[in-house]
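**Q** Next comes final19.txt, compact mmCIF, C-alpha atoms:
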# COMPACT_ATOMS: atom_id res chain seq x y z
CA MET E 27 174.20 96.65 83.73
CA SER E 28 171.77 98.68 81.65
CA GLU E 29 174.69 100.63 80.19
CA SER E 30 176.34 97.37 79.18
CA LEU E 31 173.15 96.01 77.63
CA LYS E 32 172.86 99.14 75.51
CA GLY E 33 176.36 98.47 74.23
CA ARG E 34 178.11 101.50 75.66
CA SER E 35 180.78 99.60 77.58
CA SER E 36 181.69 97.47 74.56
CA GLY E 37 182.19 100.40 72.23
CA ARG E 38 179.02 99.80 70.28
CA PRO E 39 176.61 102.70 69.55
CA LEU E 40 174.33 104.03 72.26
CA GLN E 41 170.86 102.64 71.63
CA LEU E 42 167.82 104.91 71.54
CA SER E 43 164.54 102.97 71.41
CA VAL E 44 161.64 105.15 70.33
CA GLY E 45 157.95 104.41 69.95
CA ILE E 46 156.16 106.68 67.50
CA VAL E 47 152.39 107.04 67.70
CA ASP E 48 151.09 106.18 64.25
CA VAL E 49 149.32 109.51 63.71
CA VAL E 50 152.55 111.51 64.10
CA PRO E 51 153.68 112.51 60.58
CA LYS E 52 156.80 110.64 59.59
CA LEU E 53 158.55 113.81 58.47
CA VAL E 54 157.91 115.37 61.88
CA ALA E 55 159.20 112.23 63.60
CA TYR E 56 162.36 112.37 61.49
CA ARG E 57 162.91 116.06 62.25
CA LEU E 58 162.47 115.37 65.95
CA LEU E 59 164.83 112.41 66.04
CA GLU E 60 167.56 113.66 63.72
CA PRO E 61 169.49 115.63 66.41
CA ALA E 62 170.15 112.38 68.28
CA LEU E 63 172.24 111.24 65.32
CA HIS E 64 174.64 114.15 65.74
CA LEU E 65 175.81 113.49 69.28
CA ASP E 66 179.52 113.11 69.93
CA GLU E 67 179.02 109.42 70.61
CA PRO E 68 177.46 107.21 67.91
CA VAL E 69 173.75 106.44 68.34
CA ARG E 70 171.64 103.65 66.92
CA ILE E 71 167.94 104.53 66.76
CA LEU E 72 165.38 101.75 66.98
CA CYS E 73 161.93 102.95 65.89
CA SER E 74 158.61 101.21 66.32
CA GLU E 75 155.21 102.56 65.36
CA GLY E 76 151.82 101.83 66.88
CA LYS E 77 148.87 103.00 68.89
CA LEU E 78 149.54 105.05 72.01
CA ASP E 79 148.18 102.38 74.38
CA THR E 80 150.48 99.72 72.95
CA LEU E 81 153.54 101.96 73.11
CA LEU E 82 152.75 102.99 76.69
CA ALA E 83 152.67 99.31 77.66
CA ASP E 84 156.15 98.95 76.13
CA ILE E 85 157.56 101.98 77.90
CA ALA E 86 156.12 100.77 81.20
CA VAL E 87 158.35 97.68 81.01
CA HIS E 88 161.32 99.75 79.74
CA LYS E 89 161.33 98.40 76.19
CA LEU E 90 161.34 102.01 74.99
CA ASP E 91 163.32 105.06 76.05
CA MET E 92 160.57 107.42 74.92
CA VAL E 93 157.34 107.71 72.98
CA LEU E 94 156.70 110.49 70.48
CA ALA E 95 153.02 111.45 70.62
CA ASP E 96 150.62 114.19 69.52
CA THR E 97 148.70 114.06 72.81
CA PRO E 98 149.97 114.04 76.39
CA LEU E 99 149.71 111.10 78.73
CA GLY E 100 146.41 111.42 80.59
CA SER E 101 146.16 111.31 84.36
CA SER E 102 143.84 108.28 84.17
CA VAL E 103 146.49 106.12 82.45
CA ASN E 104 148.02 103.63 84.85
CA VAL E 105 151.59 104.06 83.63
CA ARG E 106 154.32 105.82 85.58
CA ALA E 107 155.62 108.15 82.89
CA PHE E 108 155.98 111.85 82.32
CA ASN E 109 155.06 114.28 79.54
CA HIS E 110 157.84 116.44 78.11
CA PRO E 111 156.37 119.04 75.71
CA LEU E 112 158.46 119.36 72.56
CA GLY E 113 156.61 122.16 70.80
CA GLU E 114 153.60 123.11 68.74
CA CYS E 115 152.84 124.63 65.36
CA GLY E 116 149.96 125.65 63.14
CA ILE E 117 148.52 123.66 60.25
CA THR E 118 148.88 124.40 56.55
CA PHE E 119 146.49 123.40 53.78
CA PHE E 120 147.96 122.02 50.56
CA ALA E 121 146.73 120.96 47.14
CA VAL E 122 148.01 120.37 43.63
CA PRO E 123 148.66 123.69 41.81
CA PRO E 124 145.26 123.98 40.01
CA LEU E 125 143.32 123.36 43.24
CA ALA E 126 145.67 125.57 45.24
CA ALA E 127 145.13 128.46 42.81
CA ARG E 128 141.38 127.98 43.05
CA TYR E 129 141.13 127.93 46.84
CA ARG E 130 143.98 130.27 47.82
CA GLU E 131 142.05 133.46 47.11
CA GLY E 132 139.70 134.26 49.96
CA PHE E 133 141.22 131.66 52.32
CA PRO E 134 139.88 130.35 54.65
CA GLU E 135 136.30 131.11 53.52
CA SER E 136 137.27 129.65 50.15
CA LEU E 137 137.31 126.20 51.79
CA GLN E 138 133.52 126.18 51.87
CA ASP E 139 132.47 123.06 49.88
CA ALA E 140 136.11 122.42 48.91
CA PRO E 141 137.01 118.72 48.48
CA MET E 142 139.00 117.88 51.60
CA LEU E 143 141.03 114.94 52.86
CA VAL E 144 141.09 114.68 56.65
CA PRO E 145 142.43 112.45 59.44
CA VAL E 146 140.00 110.00 61.02
CA GLU E 147 137.88 111.02 63.98
CA GLY E 148 139.50 110.71 67.37
CA THR E 149 142.83 112.19 66.32
CA ALA E 150 144.12 115.46 67.75
CA LEU E 151 144.43 117.07 64.31
CA ARG E 152 140.89 116.13 63.30
CA GLY E 153 139.54 117.66 66.49
CA ALA E 154 141.51 120.88 66.07
CA LEU E 155 140.56 121.13 62.40
CA MET E 156 136.82 120.65 62.91
CA TYR E 157 136.75 123.06 65.86
CA TRP E 158 138.40 125.74 63.74
CA LEU E 159 136.13 125.16 60.74
CA ASP E 160 132.99 125.08 62.90
CA ARG E 161 133.97 128.33 64.60
CA LEU E 162 134.30 129.99 61.19
CA GLY E 163 131.10 128.40 59.89
CA ILE E 164 132.95 126.64 57.05
CA ARG E 165 131.72 123.28 55.76
CA PRO E 166 134.13 121.59 53.34
CA HIS E 167 133.15 118.54 51.33
CA ILE E 168 135.02 115.68 53.02
CA VAL E 169 135.94 113.19 50.31
CA GLY E 170 138.25 110.95 52.35
CA GLU E 171 139.23 110.11 55.93
CA PHE E 172 142.60 108.50 56.69
CA GLU E 173 144.41 106.84 59.56
CA ASP E 174 147.69 107.02 57.64
CA ARG E 175 148.75 110.57 56.86
CA ALA E 176 151.17 109.39 54.18
CA LEU E 177 148.21 107.85 52.35
CA MET E 178 146.24 111.07 52.79
CA GLN E 179 149.12 112.99 51.22
CA ALA E 180 149.28 110.51 48.34
CA PHE E 181 145.62 111.16 47.58
CA GLY E 182 146.25 114.90 47.81
CA GLN E 183 149.24 114.63 45.49
CA SER E 184 146.94 112.94 42.96
CA GLY E 185 144.58 115.93 43.00
CA VAL E 186 141.70 114.31 44.90
CA GLY E 187 141.39 117.17 47.38
CA VAL E 188 142.89 119.60 49.83
CA PHE E 189 144.88 118.11 52.72
CA MET E 190 146.64 119.52 55.74
CA SER E 191 150.01 119.12 57.41
CA PRO E 192 151.95 120.63 60.33
CA SER E 193 153.31 124.02 59.28
CA VAL E 194 156.75 123.17 60.63
CA ILE E 195 157.38 120.89 57.62
CA ASP E 196 155.85 123.11 54.89
CA PRO E 197 158.92 123.13 52.59
CA ASP E 198 159.27 119.34 52.79
CA ILE E 199 155.62 118.76 51.88
CA SER E 200 155.77 121.07 48.86
CA GLN E 201 159.01 119.57 47.59
CA GLN E 202 158.16 115.92 48.11
CA HIS E 203 154.58 115.97 46.85
CA GLY E 204 154.60 118.67 44.18
CA VAL E 205 151.84 120.61 45.93
CA GLU E 206 151.41 124.24 46.94
CA ALA E 207 150.29 125.89 50.16
CA ILE E 208 146.83 127.39 50.09
CA GLY E 209 147.02 129.03 53.49
CA SER E 210 147.54 128.22 57.14
CA THR E 211 146.21 128.91 60.59
CA THR E 212 147.69 128.97 64.06
CA ASP E 213 144.25 128.61 65.65
CA GLY E 214 144.25 124.89 64.94
CA ARG E 215 147.55 123.64 66.32
CA GLU E 216 149.49 120.41 66.43
CA ARG E 217 151.34 119.62 69.65
CA TYR E 218 154.06 117.05 70.21
CA TYR E 219 155.32 115.34 73.34
CA ALA E 220 158.10 113.04 74.41
CA ILE E 221 156.72 110.60 76.96
CA SER E 222 159.39 109.07 79.16
CA THR E 223 159.68 107.18 82.42
CA GLU E 224 162.22 109.82 83.44
CA ARG E 225 160.88 112.89 85.19
CA ARG E 226 164.22 114.56 84.52
CA LEU E 227 165.58 113.47 81.16
CA ARG E 228 168.98 111.77 81.31
CA HIS E 229 169.29 109.59 78.21
CA PRO E 230 171.60 111.62 75.89
CA GLY E 231 169.46 110.86 72.84
CA VAL E 232 166.22 111.90 74.50
CA VAL E 233 167.85 115.06 75.85
CA ALA E 234 169.10 115.95 72.35
CA VAL E 235 165.63 115.44 70.88
CA SER E 236 163.96 117.57 73.54
CA GLN E 237 166.45 120.43 73.40
CA ALA E 238 166.56 120.64 69.60
CA ALA E 239 162.77 120.56 69.35
CA ARG E 240 162.28 123.43 71.76
CA LEU E 241 165.25 125.56 70.71
CA GLU E 242 165.30 124.91 66.94
CA LEU E 243 162.46 123.02 65.27
CA PHE E 244 159.59 124.78 67.03
CA ALA E 245 161.44 127.96 67.96
CA ASP E 246 159.67 130.11 65.36
CA THR E 247 156.12 128.80 65.68
CA ALA E 248 154.90 132.06 67.13
CA GLU E 249 155.60 133.81 63.85
CA THR E 250 152.83 134.55 61.37
CA SER E 251 152.17 131.70 58.92
CA VAL E 252 151.61 131.80 55.16
CA ALA E 253 148.11 133.14 55.56
CA GLN E 254 146.70 133.16 59.05
CA ALA E 255 142.96 133.10 59.66
Here is a file; write its structure as structure tokens.
**A**
Amino acid sequence: MSESLKGRSSGRPLQLSVGIVDVVPKLVAYRLLEPALHLDEPVRILCSEGKLDTLLADIAVHKLDMVLADTPLGSSVNVRAFNHPLGECGITFFAVPPLAARYREGFPESLQDAPMLVPVEGTALRGALMYWLDRLGIRPHIVGEFEDRALMQAFGQSGVGVFMSPSVIDPDISQQHGVEAIGSTTDGRERYYAISTERRLRHPGVVAVSQAARLELFADTAETSVAQA
């Protein structure tokens, strides 16, 4: 019955319903989901974005096939679902060319008092970033905090300050926003998970996402970044 509802028996595309936690960068989400579009059978992807709690409620009643998140499902959450690690990568700092030239030399100590755009408190990236900066004794000048990373990047593109992004999409960030990398670190890392009600993944789209993430997208994250602290 479920196969019929998804349209497989009628010749329509296989449906892949995905919830994306709103702090996951949209470019990362696209890179993760793209392999599902290249299966032998046609796939229609339905994407919804929201807070993790809301998306977990949807997956609990099988409205979603998986949730893409930057944090794993905690043991205290009353939802029968399973974490499937997709991969992890370092973070890269970007700015418009004049700022990048100014803060690239001497990175990361050069970030002391640098104007910086950061995610809001409570996000995984903000926690990793502040831990790394505190450990190095670096205090940037935070000029903006953002829930929406796309908005943070727009401010960075306008020259307001330095911003950060997952290293796995470095070329995309530089090309799309006209900014340059200042340096990167693998001490502060971004991690991504597929949360599914399946302990052993069976949905072809989810399997494709998981395999491509581990074997391709995040396969080289152990390599040295642009300028590692």
**Q** Would you mind telling me which residue in E:Val122, E:Cys115, E:Asp79, E:Leu143 lies nearest to Val103 in chain E when using only C-alpha atoms?
**A** E:Asp79
**Q** What is the distance, in Å and to one decimal place, between CA of Asp139 in chain E and CA of Ala121 in chain E?
**A** 14.7 Å
**Q** Show which residues sit within 8 Å of range 172-181 of chain E, as a PDB file with C-alpha atoms, in the frame of the given file. Count all atoms listed in the file, and ignore same-chain residues fewer than 5 positions away.
**A**
ATOM      1  CA  ASP E  48     151.090 106.180  64.250  1.00  0.00           C
ATOM      2  CA  VAL E  49     149.320 109.510  63.710  1.00  0.00           C
ATOM      3  CA  PRO E  51     153.680 112.510  60.580  1.00  0.00           C
ATOM      4  CA  LYS E  52     156.800 110.640  59.590  1.00  0.00           C
ATOM      5  CA  LEU E 143     141.030 114.940  52.860  1.00  0.00           C
ATOM      6  CA  VAL E 144     141.090 114.680  56.650  1.00  0.00           C
ATOM      7  CA  PRO E 145     142.430 112.450  59.440  1.00  0.00           C
ATOM      8  CA  VAL E 146     140.000 110.000  61.020  1.00  0.00           C
ATOM      9  CA  VAL E 186     141.700 114.310  44.900  1.00  0.00           C
ATOM     10  CA  GLY E 187     141.390 117.170  47.380  1.00  0.00           C
ATOM     11  CA  PHE E 189     144.880 118.110  52.720  1.00  0.00           C
ATOM     12  CA  HIS E 203     154.580 115.970  46.850  1.00  0.00           C
TER      13      HIS E 203
END
**Q** Of the candidates E:Val44, E:Gln237, E:Pro124, E:Pro192, which shows the shortest atom-to-atom distance to Ile85 in chain E, using all atoms listed in the file?
**A**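 Of E:Val44, E:Gln237, E:Pro124, E:Pro192, the one nearest Ile85 in chain E is E:Val44, counting all atoms listed in the file.
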**Q** Quote the spacing between CA of Arg128 in chain E and CA of Ser184 in chain E in Å to one decimal place.
**A**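 Going from CA of Arg128 in chain E over to CA of Ser184 in chain E covers 16.0 Å.
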**Q** Measuring atom to atom with all atoms listed in the file, identify which of E:Leu40, E:Leu241, E:Met156, E:Ile195 is nearest to Leu65 in chain E.
**A**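 Result for the nearest residue to Leu65 in chain E: E:Leu40.
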**Q** Separation of CA of Tyr219 in chain E and CA of Gln202 in chain E, in Å?
**A**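 Computing the Euclidean distance for CA of Tyr219 in chain E and CA of Gln202 in chain E yields 25.4 Å.
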**Q** Find, counting all atoms listed in the file, the residue in E:Glu67, E:Glu131, E:Phe119, E:Ser74 that gets nearest to Gly45 in chain E.
**A**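 Comparing E:Glu67, E:Glu131, E:Phe119, E:Ser74 against Gly45 in chain E, the winner is E:Ser74.
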**Q** Rebuild range 65-100 of chain E to N, CA and C atoms - output it as a PDB file, in the frame of the given file, please.
**A**
ATOM      1  N   LEU E  65     175.098 113.433  68.014  1.00  0.00           N
ATOM      2  CA  LEU E  65     175.810 113.490  69.280  1.00  0.00           C
ATOM      3  C   LEU E  65     177.270 113.108  69.074  1.00  0.00           C
ATOM      4  N   ASP E  66     178.096 113.450  70.028  1.00  0.00           N
ATOM      5  CA  ASP E  66     179.520 113.110  69.930  1.00  0.00           C
ATOM      6  C   ASP E  66     179.728 111.610  69.894  1.00  0.00           C
ATOM      7  N   GLU E  67     178.913 110.874  70.638  1.00  0.00           N
ATOM      8  CA  GLU E  67     179.020 109.420  70.610  1.00  0.00           C
ATOM      9  C   GLU E  67     178.015 108.856  69.603  1.00  0.00           C
ATOM     10  N   PRO E  68     178.368 107.775  68.905  1.00  0.00           N
ATOM     11  CA  PRO E  68     177.460 107.210  67.910  1.00  0.00           C
ATOM     12  C   PRO E  68     176.178 106.683  68.547  1.00  0.00           C
ATOM     13  N   VAL E  69     175.071 106.846  67.840  1.00  0.00           N
ATOM     14  CA  VAL E  69     173.750 106.440  68.340  1.00  0.00           C
ATOM     15  C   VAL E  69     173.074 105.553  67.305  1.00  0.00           C
ATOM     16  N   ARG E  70     172.469 104.499  67.778  1.00  0.00           N
ATOM     17  CA  ARG E  70     171.640 103.650  66.920  1.00  0.00           C
ATOM     18  C   ARG E  70     170.188 103.833  67.358  1.00  0.00           C
ATOM     19  N   ILE E  71     169.347 104.284  66.438  1.00  0.00           N
ATOM     20  CA  ILE E  71     167.940 104.530  66.760  1.00  0.00           C
ATOM     21  C   ILE E  71     167.108 103.324  66.335  1.00  0.00           C
ATOM     22  N   LEU E  72     166.318 102.830  67.260  1.00  0.00           N
ATOM     23  CA  LEU E  72     165.380 101.750  66.980  1.00  0.00           C
ATOM     24  C   LEU E  72     163.968 102.324  67.071  1.00  0.00           C
ATOM     25  N   CYS E  73     163.260 102.340  65.954  1.00  0.00           N
ATOM     26  CA  CYS E  73     161.930 102.950  65.890  1.00  0.00           C
ATOM     27  C   CYS E  73     160.862 101.889  65.745  1.00  0.00           C
ATOM     28  N   SER E  74     159.792 102.045  66.496  1.00  0.00           N
ATOM     29  CA  SER E  74     158.610 101.210  66.320  1.00  0.00           C
ATOM     30  C   SER E  74     157.399 102.136  66.291  1.00  0.00           C
ATOM     31  N   GLU E  75     156.388 101.723  65.552  1.00  0.00           N
ATOM     32  CA  GLU E  75     155.210 102.560  65.360  1.00  0.00           C
ATOM     33  C   GLU E  75     153.975 101.798  65.834  1.00  0.00           C
ATOM     34  N   GLY E  76     153.023 102.502  66.422  1.00  0.00           N
ATOM     35  CA  GLY E  76     151.820 101.830  66.880  1.00  0.00           C
ATOM     36  C   GLY E  76     150.868 102.789  67.549  1.00  0.00           C
ATOM     37  N   LYS E  77     149.840 102.220  68.147  1.00  0.00           N
ATOM     38  CA  LYS E  77     148.870 103.000  68.890  1.00  0.00           C
ATOM     39  C   LYS E  77     149.475 103.421  70.238  1.00  0.00           C
ATOM     40  N   LEU E  78     148.978 104.526  70.781  1.00  0.00           N
ATOM     41  CA  LEU E  78     149.540 105.050  72.010  1.00  0.00           C
ATOM     42  C   LEU E  78     149.460 104.030  73.144  1.00  0.00           C
ATOM     43  N   ASP E  79     148.333 103.339  73.286  1.00  0.00           N
ATOM     44  CA  ASP E  79     148.180 102.380  74.380  1.00  0.00           C
ATOM     45  C   ASP E  79     149.236 101.283  74.314  1.00  0.00           C
ATOM     46  N   THR E  80     149.489 100.780  73.112  1.00  0.00           N
ATOM     47  CA  THR E  80     150.480  99.720  72.950  1.00  0.00           C
ATOM     48  C   THR E  80     151.878 100.214  73.298  1.00  0.00           C
ATOM     49  N   LEU E  81     152.206 101.414  72.852  1.00  0.00           N
ATOM     50  CA  LEU E  81     153.540 101.960  73.110  1.00  0.00           C
ATOM     51  C   LEU E  81     153.726 102.286  74.592  1.00  0.00           C
ATOM     52  N   LEU E  82     152.657 102.710  75.259  1.00  0.00           N
ATOM     53  CA  LEU E  82     152.750 102.990  76.690  1.00  0.00           C
ATOM     54  C   LEU E  82     153.005 101.704  77.469  1.00  0.00           C
ATOM     55  N   ALA E  83     152.414 100.600  77.015  1.00  0.00           N
ATOM     56  CA  ALA E  83     152.670  99.310  77.660  1.00  0.00           C
ATOM     57  C   ALA E  83     154.147  98.935  77.515  1.00  0.00           C
ATOM     58  N   ASP E  84     154.733  99.252  76.358  1.00  0.00           N
ATOM     59  CA  ASP E  84     156.150  98.950  76.130  1.00  0.00           C
ATOM     60  C   ASP E  84     157.066  99.828  76.975  1.00  0.00           C
ATOM     61  N   ILE E  85     156.689 101.099  77.113  1.00  0.00           N
ATOM     62  CA  ILE E  85     157.560 101.980  77.900  1.00  0.00           C
ATOM     63  C   ILE E  85     157.458 101.663  79.379  1.00  0.00           C
ATOM     64  N   ALA E  86     156.308 101.126  79.798  1.00  0.00           N
ATOM     65  CA  ALA E  86     156.120 100.770  81.200  1.00  0.00           C
ATOM     66  C   ALA E  86     157.061  99.658  81.632  1.00  0.00           C
ATOM     67  N   VAL E  87     157.427  98.782  80.693  1.00  0.00           N
ATOM     68  CA  VAL E  87     158.350  97.680  81.010  1.00  0.00           C
ATOM     69  C   VAL E  87     159.749  97.970  80.454  1.00  0.00           C
ATOM     70  N   HIS E  88     159.993  99.254  80.134  1.00  0.00           N
ATOM     71  CA  HIS E  88     161.320  99.750  79.740  1.00  0.00           C
ATOM     72  C   HIS E  88     161.831  99.139  78.433  1.00  0.00           C
ATOM     73  N   LYS E  89     160.916  98.804  77.533  1.00  0.00           N
ATOM     74  CA  LYS E  89     161.330  98.400  76.190  1.00  0.00           C
ATOM     75  C   LYS E  89     161.654  99.617  75.331  1.00  0.00           C
ATOM     76  N   LEU E  90     161.135 100.771  75.736  1.00  0.00           N
ATOM     77  CA  LEU E  90     161.340 102.010  74.990  1.00  0.00           C
ATOM     78  C   LEU E  90     161.951 103.063  75.898  1.00  0.00           C
ATOM     79  N   ASP E  91     162.767 103.931  75.306  1.00  0.00           N
ATOM     80  CA  ASP E  91     163.320 105.060  76.050  1.00  0.00           C
ATOM     81  C   ASP E  91     162.360 106.243  76.046  1.00  0.00           C
ATOM     82  N   MET E  92     161.572 106.360  74.977  1.00  0.00           N
ATOM     83  CA  MET E  92     160.570 107.420  74.920  1.00  0.00           C
ATOM     84  C   MET E  92     159.539 107.096  73.866  1.00  0.00           C
ATOM     85  N   VAL E  93     158.413 107.780  73.969  1.00  0.00           N
ATOM     86  CA  VAL E  93     157.340 107.710  72.980  1.00  0.00           C
ATOM     87  C   VAL E  93     157.103 109.101  72.435  1.00  0.00           C
ATOM     88  N   LEU E  94     157.062 109.227  71.109  1.00  0.00           N
ATOM     89  CA  LEU E  94     156.700 110.490  70.480  1.00  0.00           C
ATOM     90  C   LEU E  94     155.201 110.458  70.204  1.00  0.00           C
ATOM     91  N   ALA E  95     154.476 111.450  70.722  1.00  0.00           N
ATOM     92  CA  ALA E  95     153.020 111.450  70.620  1.00  0.00           C
ATOM     93  C   ALA E  95     152.510 112.844  70.308  1.00  0.00           C
ATOM     94  N   ASP E  96     151.258 112.895  69.791  1.00  0.00           N
ATOM     95  CA  ASP E  96     150.620 114.190  69.520  1.00  0.00           C
ATOM     96  C   ASP E  96     149.639 114.568  70.607  1.00  0.00           C
ATOM     97  N   THR E  97     149.534 113.745  71.645  1.00  0.00           N
ATOM     98  CA  THR E  97     148.700 114.060  72.810  1.00  0.00           C
ATOM     99  C   THR E  97     149.484 113.680  74.063  1.00  0.00           C
ATOM    100  N   PRO E  98     149.255 114.380  75.161  1.00  0.00           N
ATOM    101  CA  PRO E  98     149.970 114.040  76.390  1.00  0.00           C
ATOM    102  C   PRO E  98     149.384 112.806  77.052  1.00  0.00           C
ATOM    103  N   LEU E  99     150.155 112.216  77.914  1.00  0.00           N
ATOM    104  CA  LEU E  99     149.710 111.100  78.730  1.00  0.00           C
ATOM    105  C   LEU E  99     148.668 111.594  79.715  1.00  0.00           C
ATOM    106  N   GLY E 100     147.485 110.990  79.702  1.00  0.00           N
ATOM    107  CA  GLY E 100     146.410 111.420  80.590  1.00  0.00           C
ATOM    108  C   GLY E 100     146.616 110.946  82.015  1.00  0.00           C
TER     109      GLY E 100
END
